>>> print(open('upload-v1.cif').read())   # mmCIF, C-alpha atoms and all ligand atoms
data_entry
#
loop_
_atom_site.label_atom_id
_atom_site.label_comp_id
_atom_site.auth_asym_id
_atom_site.auth_seq_id
_atom_site.Cartn_x
_atom_site.Cartn_y
_atom_site.Cartn_z
CA MET A 1 52.67 305.35 -70.56
CA ALA A 2 50.60 308.05 -72.21
CA ASP A 3 52.53 311.06 -73.41
CA ASN A 4 51.07 314.48 -72.77
CA ASN A 5 52.16 315.74 -76.15
CA GLU A 6 51.57 313.64 -79.27
CA GLU A 7 54.79 314.91 -80.85
CA THR A 8 57.10 313.98 -77.98
CA THR A 9 58.05 310.89 -76.02
CA HIS A 10 60.54 309.77 -73.37
CA PHE A 11 64.11 308.73 -73.88
CA GLY A 12 64.94 307.81 -70.30
CA PHE A 13 64.11 310.96 -68.28
CA ARG A 14 64.47 313.23 -71.30
CA THR A 15 61.57 314.41 -73.41
CA VAL A 16 62.46 314.08 -77.09
CA ALA A 17 60.66 314.35 -80.43
CA LYS A 18 59.03 311.03 -81.31
CA GLU A 19 61.01 310.67 -84.51
CA GLU A 20 64.28 311.05 -82.59
CA LYS A 21 63.78 308.20 -80.12
CA ALA A 22 64.36 305.21 -82.44
CA GLY A 23 67.72 306.63 -83.52
CA MET A 24 68.76 307.24 -79.91
CA VAL A 25 67.74 303.70 -78.90
CA ALA A 26 69.65 302.40 -81.94
CA ASP A 27 72.81 304.21 -80.74
CA VAL A 28 72.45 302.54 -77.31
CA PHE A 29 72.20 299.02 -78.74
CA HIS A 30 74.89 299.50 -81.40
CA SER A 31 77.14 300.60 -78.54
CA VAL A 32 76.34 297.79 -76.08
CA ALA A 33 75.86 294.87 -78.52
CA ALA A 34 79.35 293.37 -78.17
CA LYS A 35 79.22 293.31 -74.35
CA TYR A 36 75.45 292.76 -74.03
CA ASP A 37 75.47 289.17 -72.73
CA LEU A 38 78.32 289.74 -70.28
CA MET A 39 76.63 292.88 -68.94
CA ASN A 40 73.31 291.04 -68.49
CA ASP A 41 74.99 288.42 -66.35
CA LEU A 42 76.95 290.99 -64.34
CA MET A 43 74.09 293.42 -63.78
CA SER A 44 71.52 290.82 -62.78
CA LEU A 45 73.99 288.41 -61.12
CA GLY A 46 72.76 285.84 -63.60
CA ILE A 47 69.12 286.16 -62.47
CA HIS A 48 67.95 287.14 -65.98
CA ARG A 49 68.44 283.47 -66.88
CA ILE A 50 65.82 282.47 -64.29
CA TRP A 51 63.37 285.14 -65.55
CA LYS A 52 63.82 283.87 -69.10
CA ARG A 53 63.42 280.22 -68.03
CA PHE A 54 60.16 281.16 -66.31
CA THR A 55 58.98 282.89 -69.51
CA ILE A 56 59.63 279.74 -71.54
CA ASP A 57 57.79 277.63 -68.94
CA CYS A 58 54.75 279.95 -69.14
CA SER A 59 54.74 280.05 -72.95
CA GLY A 60 53.10 276.67 -73.48
CA VAL A 61 55.06 276.36 -76.74
CA ARG A 62 55.06 272.85 -78.20
CA ARG A 63 56.72 270.88 -80.97
CA GLY A 64 55.91 272.11 -84.47
CA GLN A 65 54.77 275.61 -83.42
CA LYS A 66 55.74 278.97 -84.87
CA VAL A 67 57.24 281.50 -82.45
CA LEU A 68 58.28 285.14 -82.81
CA ASP A 69 61.05 286.28 -80.43
CA LEU A 70 60.54 289.99 -80.91
CA ALA A 71 63.31 292.42 -79.94
CA GLY A 72 65.12 289.13 -79.55
CA GLY A 73 68.62 290.66 -79.48
CA THR A 74 71.27 288.05 -78.76
CA GLY A 75 68.71 285.26 -78.87
CA ASP A 76 68.51 283.72 -75.37
CA LEU A 77 64.81 282.88 -75.78
CA THR A 78 65.22 281.87 -79.43
CA ALA A 79 67.82 279.24 -78.46
CA LYS A 80 65.45 277.70 -75.92
CA PHE A 81 62.44 277.77 -78.25
CA SER A 82 64.48 276.21 -81.05
CA ARG A 83 65.02 273.10 -78.90
CA ILE A 84 61.34 272.86 -77.92
CA ILE A 85 59.73 273.26 -81.35
CA GLY A 86 61.98 270.76 -83.16
CA GLU A 87 62.46 270.39 -86.91
CA THR A 88 58.84 271.01 -87.81
CA GLY A 89 58.57 274.32 -85.95
CA GLU A 90 60.06 277.74 -86.63
CA VAL A 91 61.40 280.58 -84.48
CA VAL A 92 61.80 284.01 -85.98
CA LEU A 93 64.24 286.25 -84.11
CA ALA A 94 63.25 289.79 -85.04
CA ASP A 95 65.06 292.92 -83.91
CA ILE A 96 65.29 296.47 -85.21
CA ASN A 97 69.03 296.69 -84.57
CA SER A 98 71.54 295.18 -87.01
CA SER A 99 74.37 294.97 -84.42
CA MET A 100 72.19 293.04 -81.93
CA LEU A 101 70.88 290.76 -84.70
CA LYS A 102 74.41 290.00 -85.82
CA MET A 103 75.53 289.19 -82.26
CA GLY A 104 72.47 286.95 -81.88
CA ARG A 105 72.97 285.14 -85.17
CA ASP A 106 76.70 284.56 -84.58
CA LYS A 107 76.10 283.33 -81.03
CA LEU A 108 73.32 280.91 -81.96
CA ARG A 109 75.23 279.52 -84.95
CA ASN A 110 78.28 278.96 -82.74
CA LYS A 111 76.06 277.07 -80.33
CA GLY A 112 74.75 274.90 -83.17
CA VAL A 113 71.25 276.41 -83.05
CA LEU A 114 70.41 276.09 -86.75
CA GLY A 115 67.73 274.90 -89.12
CA ASN A 116 64.52 276.11 -87.51
CA VAL A 117 65.59 279.73 -86.77
CA SER A 118 65.35 282.71 -89.08
CA TYR A 119 66.45 286.31 -88.54
CA VAL A 120 64.48 289.39 -89.54
CA GLN A 121 65.31 293.05 -89.05
CA ALA A 122 61.99 294.61 -88.11
CA ASN A 123 60.37 297.33 -86.05
CA ALA A 124 57.88 296.02 -83.45
CA GLU A 125 55.53 298.84 -84.45
CA ALA A 126 55.11 297.56 -88.03
CA LEU A 127 55.75 293.81 -88.13
CA PRO A 128 56.39 292.52 -91.67
CA PHE A 129 54.36 289.31 -91.30
CA PRO A 130 50.90 288.29 -92.51
CA ASP A 131 47.94 288.29 -90.11
CA ASN A 132 47.55 285.19 -87.88
CA THR A 133 51.09 283.85 -88.34
CA PHE A 134 52.45 282.95 -84.87
CA ASP A 135 51.37 280.61 -82.07
CA CYS A 136 53.39 282.61 -79.56
CA ILE A 137 55.16 285.98 -79.43
CA THR A 138 57.67 286.91 -76.75
CA ILE A 139 59.18 290.33 -76.20
CA SER A 140 61.80 290.25 -73.48
CA PHE A 141 63.25 293.55 -72.19
CA GLY A 142 62.29 295.08 -75.53
CA LEU A 143 58.95 296.89 -75.18
CA ARG A 144 60.47 299.56 -72.92
CA ASN A 145 62.56 300.78 -75.86
CA VAL A 146 59.72 301.00 -78.39
CA THR A 147 58.47 304.52 -79.18
CA ASP A 148 54.78 303.74 -79.74
CA LYS A 149 53.95 300.82 -77.46
CA ASP A 150 50.24 300.79 -78.33
CA LYS A 151 51.07 300.52 -82.02
CA ALA A 152 53.52 297.68 -81.27
CA LEU A 153 50.92 295.80 -79.20
CA ALA A 154 48.38 296.17 -82.03
CA SER A 155 50.95 294.87 -84.52
CA MET A 156 51.69 291.85 -82.30
CA PHE A 157 47.98 291.16 -81.93
CA ARG A 158 47.54 291.19 -85.70
CA VAL A 159 50.29 288.65 -86.42
CA LEU A 160 49.27 286.24 -83.63
CA LYS A 161 47.07 283.31 -84.58
CA PRO A 162 43.71 283.00 -82.85
CA GLY A 163 44.48 280.95 -79.73
CA GLY A 164 48.01 282.39 -79.70
CA ARG A 165 49.64 284.14 -76.76
CA LEU A 166 51.88 287.11 -76.12
CA LEU A 167 54.40 287.12 -73.28
CA ILE A 168 56.03 290.38 -72.25
CA LEU A 169 59.01 290.09 -69.93
CA GLU A 170 60.02 293.55 -68.77
CA PHE A 171 61.31 295.58 -65.86
CA SER A 172 58.43 296.79 -63.75
CA ARG A 173 57.61 298.40 -60.39
CA PRO A 174 59.06 296.81 -57.20
CA VAL A 175 56.27 296.04 -54.76
CA PHE A 176 58.14 296.60 -51.45
CA GLU A 177 59.30 300.11 -50.53
CA PRO A 178 62.65 299.02 -48.95
CA LEU A 179 63.48 296.98 -52.05
CA SER A 180 62.56 299.97 -54.19
CA LYS A 181 65.08 302.25 -52.39
CA ALA A 182 67.94 299.75 -52.61
CA TYR A 183 67.09 299.12 -56.24
CA ASP A 184 67.17 302.86 -57.03
CA ALA A 185 70.59 303.21 -55.43
CA TYR A 186 71.86 300.21 -57.39
CA SER A 187 70.38 301.38 -60.71
CA PHE A 188 71.50 304.99 -60.63
CA HIS A 189 74.88 304.61 -58.93
CA VAL A 190 76.19 301.08 -59.45
CA LEU A 191 74.86 300.23 -62.93
CA PRO A 192 76.43 303.17 -64.82
CA ARG A 193 79.75 302.38 -63.07
CA ILE A 194 79.65 298.75 -64.23
CA GLY A 195 78.69 300.05 -67.70
CA GLU A 196 81.67 302.40 -67.68
CA LEU A 197 84.13 299.75 -66.52
CA VAL A 198 83.00 296.84 -68.69
CA ALA A 199 81.33 298.34 -71.75
CA LYS A 200 83.10 301.73 -71.60
CA ASP A 201 79.68 303.31 -71.83
CA ALA A 202 78.08 304.76 -68.68
CA GLU A 203 75.48 306.74 -70.67
CA SER A 204 73.75 303.68 -72.15
CA TYR A 205 73.40 302.14 -68.71
CA ARG A 206 72.06 305.40 -67.30
CA TYR A 207 69.44 305.23 -70.06
CA LEU A 208 68.68 301.65 -68.98
CA ALA A 209 67.95 302.77 -65.40
CA GLU A 210 65.90 305.79 -66.51
CA SER A 211 63.91 303.89 -69.14
CA ILE A 212 62.91 301.33 -66.50
CA ARG A 213 61.46 304.10 -64.30
CA MET A 214 59.50 305.56 -67.23
CA HIS A 215 58.00 302.22 -68.29
CA PRO A 216 54.30 301.57 -67.49
CA ASP A 217 53.74 299.72 -64.21
CA GLN A 218 52.16 296.26 -63.98
CA GLU A 219 48.50 297.35 -64.01
CA THR A 220 48.99 299.98 -66.73
CA LEU A 221 50.69 297.54 -69.08
CA LYS A 222 47.97 294.96 -68.45
CA GLN A 223 45.38 297.61 -69.38
CA MET A 224 47.31 298.51 -72.54
CA MET A 225 47.26 294.83 -73.57
CA THR A 226 43.51 294.66 -73.03
CA SER A 227 43.04 297.83 -75.11
CA ALA A 228 45.03 296.22 -77.95
CA GLY A 229 42.55 293.31 -77.96
CA PHE A 230 44.28 290.73 -75.76
CA GLU A 231 42.09 288.63 -73.48
CA ASN A 232 42.69 286.74 -70.23
CA THR A 233 45.54 289.13 -69.51
CA SER A 234 47.53 288.58 -66.33
CA PHE A 235 50.94 289.31 -64.87
CA HIS A 236 53.31 287.60 -62.51
CA ASN A 237 55.84 289.61 -60.48
CA LEU A 238 59.38 288.25 -60.41
CA THR A 239 62.06 289.24 -57.88
CA GLY A 240 59.59 291.42 -55.97
CA GLY A 241 58.27 293.20 -59.07
CA ILE A 242 61.69 294.34 -60.33
CA VAL A 243 60.56 292.37 -63.36
CA ALA A 244 57.07 291.24 -64.40
CA LEU A 245 55.90 288.69 -66.92
CA HIS A 246 52.63 289.73 -68.61
CA ARG A 247 50.63 287.27 -70.66
CA GLY A 248 47.61 287.74 -72.90
CA PHE A 249 45.72 285.68 -75.49
CA LYS A 250 44.14 286.35 -78.88
CA PHE A 251 40.91 284.43 -79.25
C1 LIG A 301 67.53 294.90 -73.76
S1 LIG A 301 67.57 294.16 -75.35
C2 LIG A 301 66.73 292.63 -75.10
C3 LIG A 301 67.28 291.50 -75.90
C4 LIG A 301 66.71 290.12 -75.59
N1 LIG A 301 65.30 290.05 -75.88
C5 LIG A 301 66.95 289.75 -74.16
O1 LIG A 301 65.99 289.61 -73.39
O2 LIG A 301 68.11 289.59 -73.77
C6 LIG A 301 66.36 295.12 -76.19
C7 LIG A 301 66.30 294.84 -77.68
O3 LIG A 301 65.15 295.52 -78.21
C8 LIG A 301 65.49 295.92 -79.52
N2 LIG A 301 64.53 296.97 -79.96
C9 LIG A 301 64.44 298.23 -79.52
N3 LIG A 301 63.43 298.88 -80.14
C10 LIG A 301 62.87 297.98 -80.99
C11 LIG A 301 61.79 298.05 -81.91
N4 LIG A 301 61.07 299.19 -82.07
N5 LIG A 301 61.47 296.96 -82.62
C12 LIG A 301 62.19 295.81 -82.48
N6 LIG A 301 63.23 295.68 -81.62
C13 LIG A 301 63.56 296.76 -80.88
C14 LIG A 301 66.92 296.41 -79.38
O4 LIG A 301 67.57 296.53 -80.61
C15 LIG A 301 67.50 295.34 -78.46
O5 LIG A 301 68.08 294.29 -79.17
#
>>> encode(input="upload-v1.cif", output="structure tokens", more="lines below")
Ligand SMILES: C[S@@+](CC[C@H](N)C(=O)[O-])C[C@H]1O[C@@H](n2cnc3c(N)ncnc32)[C@H](O)[C@@H]1O
Amino acid sequence: MADNNEETTHFGFRTVAKEEKAGMVADVFHSVAAKYDLMNDLMSLGIHRIWKRFTIDCSGVRRGQKVLDLAGGTGDLTAKFSRIIGETGEVVLADINSSMLKMGRDKLRNKGVLGNVSYVQANAEALPFPDNTFDCITISFGLRNVTDKDKALASMFRVLKPGGRLLILEFSRPVFEPLSKAYDAYSFHVLPRIGELVAKDAESYRYLAESIRMHPDQETLKQMMTSAGFENTSFHNLTGGIVALHRGFKF
């Protein structure tokens, strides 16, 4: 979403200085890291697993390929890609937040996901990889938290190989008005309560609800991908547009 002022951006519904946002997002994820997986299952009633499965199915990733799971957090997509690409492929789980990366690495190692996975602490806006490195990049529930989304999309475009694809799984705009109302009530009243009870942190879950509302809608995000150079861009609404999967190619 374009900001009116180049010096400011959104942190949920608040307008903050651009240089403040990354630190505020970092505080949220340091705080929720330990309970992140449990909260995902509780908040979405397990439906996030279906959204992620659909993302993998649309990725077209094959044996031997190189995948970047950006803002990969606790590594749900990384674990699935690791099985698909086999010994000759590689998945890089990159995340800006050390607490989330640690949770992800510990979880995947405990599950025996080893050998073809590496972990990198990196900001999506300035990816530390050479041009044309990856066959596929996924960013799942991550882009919403990035300060400069256009810069991040440009960085992803740069590190994708020609023929490679980007998949963005993110909360979006519900397409039916009645669903939208129920969803608002759930997000602003129920979510922070669950956050308070389970993660002892209502504020972070209030940010979650607010950041979803401030995120670009389906068409705007598709346009942003096109502006960054992606071609054949499309999106698929999931659960009535509560979530959308965007896909674009670098040719
Ligand atoms: C809601 S979690 C999503 C984790 C995982 N991808 C999933 O779908 O379960 C968002 C993640 O984005 C990461 N993140 C936020 N800003 C980022 C940035 N600028 N660059 C890279 N990762 C970022 C956070 O640290 C956090 O781990």
>>> residues_near_ligand(input="upload-v1.cif", ligand="ligand LIG 301 (chain A)", cutoff="6 Å", atoms="only C-alpha atoms and all ligand atoms", output="mmCIF file with C-alpha atoms, in the frame of the given file")
data_model
loop_
_atom_site.group_PDB
_atom_site.id
_atom_site.type_symbol
_atom_site.label_atom_id
_atom_site.label_comp_id
_atom_site.auth_asym_id
_atom_site.auth_seq_id
_atom_site.Cartn_x
_atom_site.Cartn_y
_atom_site.Cartn_z
ATOM 1 C CA PHE A 29 72.200 299.020 -78.740
ATOM 2 C CA ALA A 71 63.310 292.420 -79.940
ATOM 3 C CA GLY A 72 65.120 289.130 -79.550
ATOM 4 C CA GLY A 73 68.620 290.660 -79.480
ATOM 5 C CA THR A 74 71.270 288.050 -78.760
ATOM 6 C CA ASP A 95 65.060 292.920 -83.910
ATOM 7 C CA ILE A 96 65.290 296.470 -85.210
ATOM 8 C CA ASN A 97 69.030 296.690 -84.570
ATOM 9 C CA MET A 100 72.190 293.040 -81.930
ATOM 10 C CA ALA A 122 61.990 294.610 -88.110
ATOM 11 C CA ASN A 123 60.370 297.330 -86.050
ATOM 12 C CA ALA A 124 57.880 296.020 -83.450
ATOM 13 C CA SER A 140 61.800 290.250 -73.480
ATOM 14 C CA PHE A 141 63.250 293.550 -72.190
ATOM 15 C CA GLY A 142 62.290 295.080 -75.530
ATOM 16 C CA ASN A 145 62.560 300.780 -75.860
ATOM 17 C CA VAL A 146 59.720 301.000 -78.390
#
>>> atom_distance(input="upload-v1.cif", atom1="CA of Gly89 (chain A)", atom2="CA of Leu68 (chain A)")
11.3 Å
>>> closest_atom_pairs(input="upload-v1.cif", of="region 44-95 of chain A", to="region 102-114 of chain A", cutoff="9 Å", atoms="all atoms listed in the file", output="JSON lines")
{"residue": "A:Gly72", "atom": "CA", "partner": "A:Gly104", "partner_atom": "CA", "distance": 8.0}
{"residue": "A:Gly73", "atom": "CA", "partner": "A:Gly104", "partner_atom": "CA", "distance": 5.9}
{"residue": "A:Thr74", "atom": "CA", "partner": "A:Gly104", "partner_atom": "CA", "distance": 3.5}
{"residue": "A:Gly75", "atom": "CA", "partner": "A:Gly104", "partner_atom": "CA", "distance": 5.1}
{"residue": "A:Asp76", "atom": "CA", "partner": "A:Gly104", "partner_atom": "CA", "distance": 8.3}
{"residue": "A:Thr78", "atom": "CA", "partner": "A:Leu108", "partner_atom": "CA", "distance": 8.5}
{"residue": "A:Ala79", "atom": "CA", "partner": "A:Val113", "partner_atom": "CA", "distance": 6.4}
{"residue": "A:Ser82", "atom": "CA", "partner": "A:Val113", "partner_atom": "CA", "distance": 7.1}
{"residue": "A:Arg83", "atom": "CA", "partner": "A:Val113", "partner_atom": "CA", "distance": 8.2}
{"residue": "A:Leu93", "atom": "CA", "partner": "A:Gly104", "partner_atom": "CA", "distance": 8.6}
>>> closest_residue(input="upload-v1.cif", among="A:Val198, A:Ala94, A:Ala209, A:Leu169", to="Leu245 (chain A)", atoms="all atoms listed in the file")
A:Leu169
>>> atom_distance(input="upload-v1.cif", atom1="CA of Gly46 (chain A)", atom2="CA of Lys21 (chain A)")
29.2 Å
>>> atom_distance(input="upload-v1.cif", atom1="CA of Asp217 (chain A)", atom2="CA of Leu101 (chain A)")
28.2 Å
>>> residues_around(input="upload-v1.cif", residues="Arg144 (chain A)", least_positions_apart="3", cutoff="8 Å", atoms="only C-alpha atoms", output="ChimeraX atom specification")
/A:141,170,211-212,215
>>> closest_residue(input="upload-v1.cif", among="A:Ser227, A:Ser98, A:Ser204, A:Ser180", to="Gly240 (chain A)", atoms="only C-alpha atoms")
A:Ser180
>>> closest_residue(input="upload-v1.cif", among="A:Leu70, A:Met24, A:Val117, A:Leu179", to="Gly86 (chain A)", atoms="all atoms listed in the file")
A:Val117
>>> residues_around(input="upload-v1.cif", residues="region 229-231 of chain A", least_positions_apart="2", cutoff="8 Å", atoms="only C-alpha atoms", output="PDB file with C-alpha atoms, keeping the file's coordinate frame")
ATOM      1  CA  ALA A 154      48.380 296.170 -82.030  1.00  0.00           C
ATOM      2  CA  PHE A 157      47.980 291.160 -81.930  1.00  0.00           C
ATOM      3  CA  MET A 225      47.260 294.830 -73.570  1.00  0.00           C
ATOM      4  CA  THR A 226      43.510 294.660 -73.030  1.00  0.00           C
ATOM      5  CA  SER A 227      43.040 297.830 -75.110  1.00  0.00           C
ATOM      6  CA  THR A 233      45.540 289.130 -69.510  1.00  0.00           C
ATOM      7  CA  GLY A 248      47.610 287.740 -72.900  1.00  0.00           C
ATOM      8  CA  PHE A 249      45.720 285.680 -75.490  1.00  0.00           C
ATOM      9  CA  LYS A 250      44.140 286.350 -78.880  1.00  0.00           C
ATOM     10  CA  PHE A 251      40.910 284.430 -79.250  1.00  0.00           C
TER      11      PHE A 251
END
>>> closest_residue(input="upload-v1.cif", among="A:Met214, A:Arg193, A:Val243, A:Leu221", to="Phe11 (chain A)", atoms="only C-alpha atoms")
A:Met214
>>> closest_residue(input="upload-v1.cif", among="A:Thr147, A:Gly64, A:Asn132, A:Val91", to="Glu7 (chain A)", atoms="all atoms listed in the file")
A:Thr147
>>> closest_residue(input="upload-v1.cif", among="A:Ala244, A:Met39, A:Ala17, A:Leu77", to="Glu196 (chain A)", atoms="all atoms listed in the file")
A:Met39
>>> decode(input="upload-v1.cif", residues="region 101-125 of chain A", atoms="C-alpha atoms", output="short mmCIF file (atom, residue, chain, number, x, y, z; two decimals), in the first residue's frame")
data_model
loop_
_atom_site.label_atom_id
_atom_site.label_comp_id
_atom_site.auth_asym_id
_atom_site.auth_seq_id
_atom_site.Cartn_x
_atom_site.Cartn_y
_atom_site.Cartn_z
CA LEU A 101 14.76 -18.82 13.11
CA LYS A 102 15.80 -20.67 16.25
CA MET A 103 12.29 -22.09 16.77
CA GLY A 104 12.27 -23.16 13.11
CA ARG A 105 15.70 -24.77 13.20
CA ASP A 106 15.01 -26.65 16.46
CA LYS A 107 11.63 -27.87 15.22
CA LEU A 108 12.91 -29.10 11.85
CA ARG A 109 15.94 -30.82 13.39
CA ASN A 110 13.67 -32.57 15.90
CA LYS A 111 11.54 -33.76 13.00
CA GLY A 112 14.63 -35.12 11.24
CA VAL A 113 14.51 -32.51 8.46
CA LEU A 114 18.26 -32.22 7.83
CA GLY A 115 20.83 -32.23 5.08
CA ASN A 116 19.25 -30.11 2.37
CA VAL A 117 18.11 -27.16 4.55
CA SER A 118 20.13 -24.10 5.51
CA TYR A 119 19.19 -21.16 7.72
CA VAL A 120 19.96 -17.52 6.99
CA GLN A 121 19.08 -14.42 8.99
CA ALA A 122 18.13 -11.89 6.34
CA ASN A 123 15.88 -8.95 5.59
CA ALA A 124 13.53 -9.52 2.63
CA GLU A 125 14.34 -5.99 1.45
#
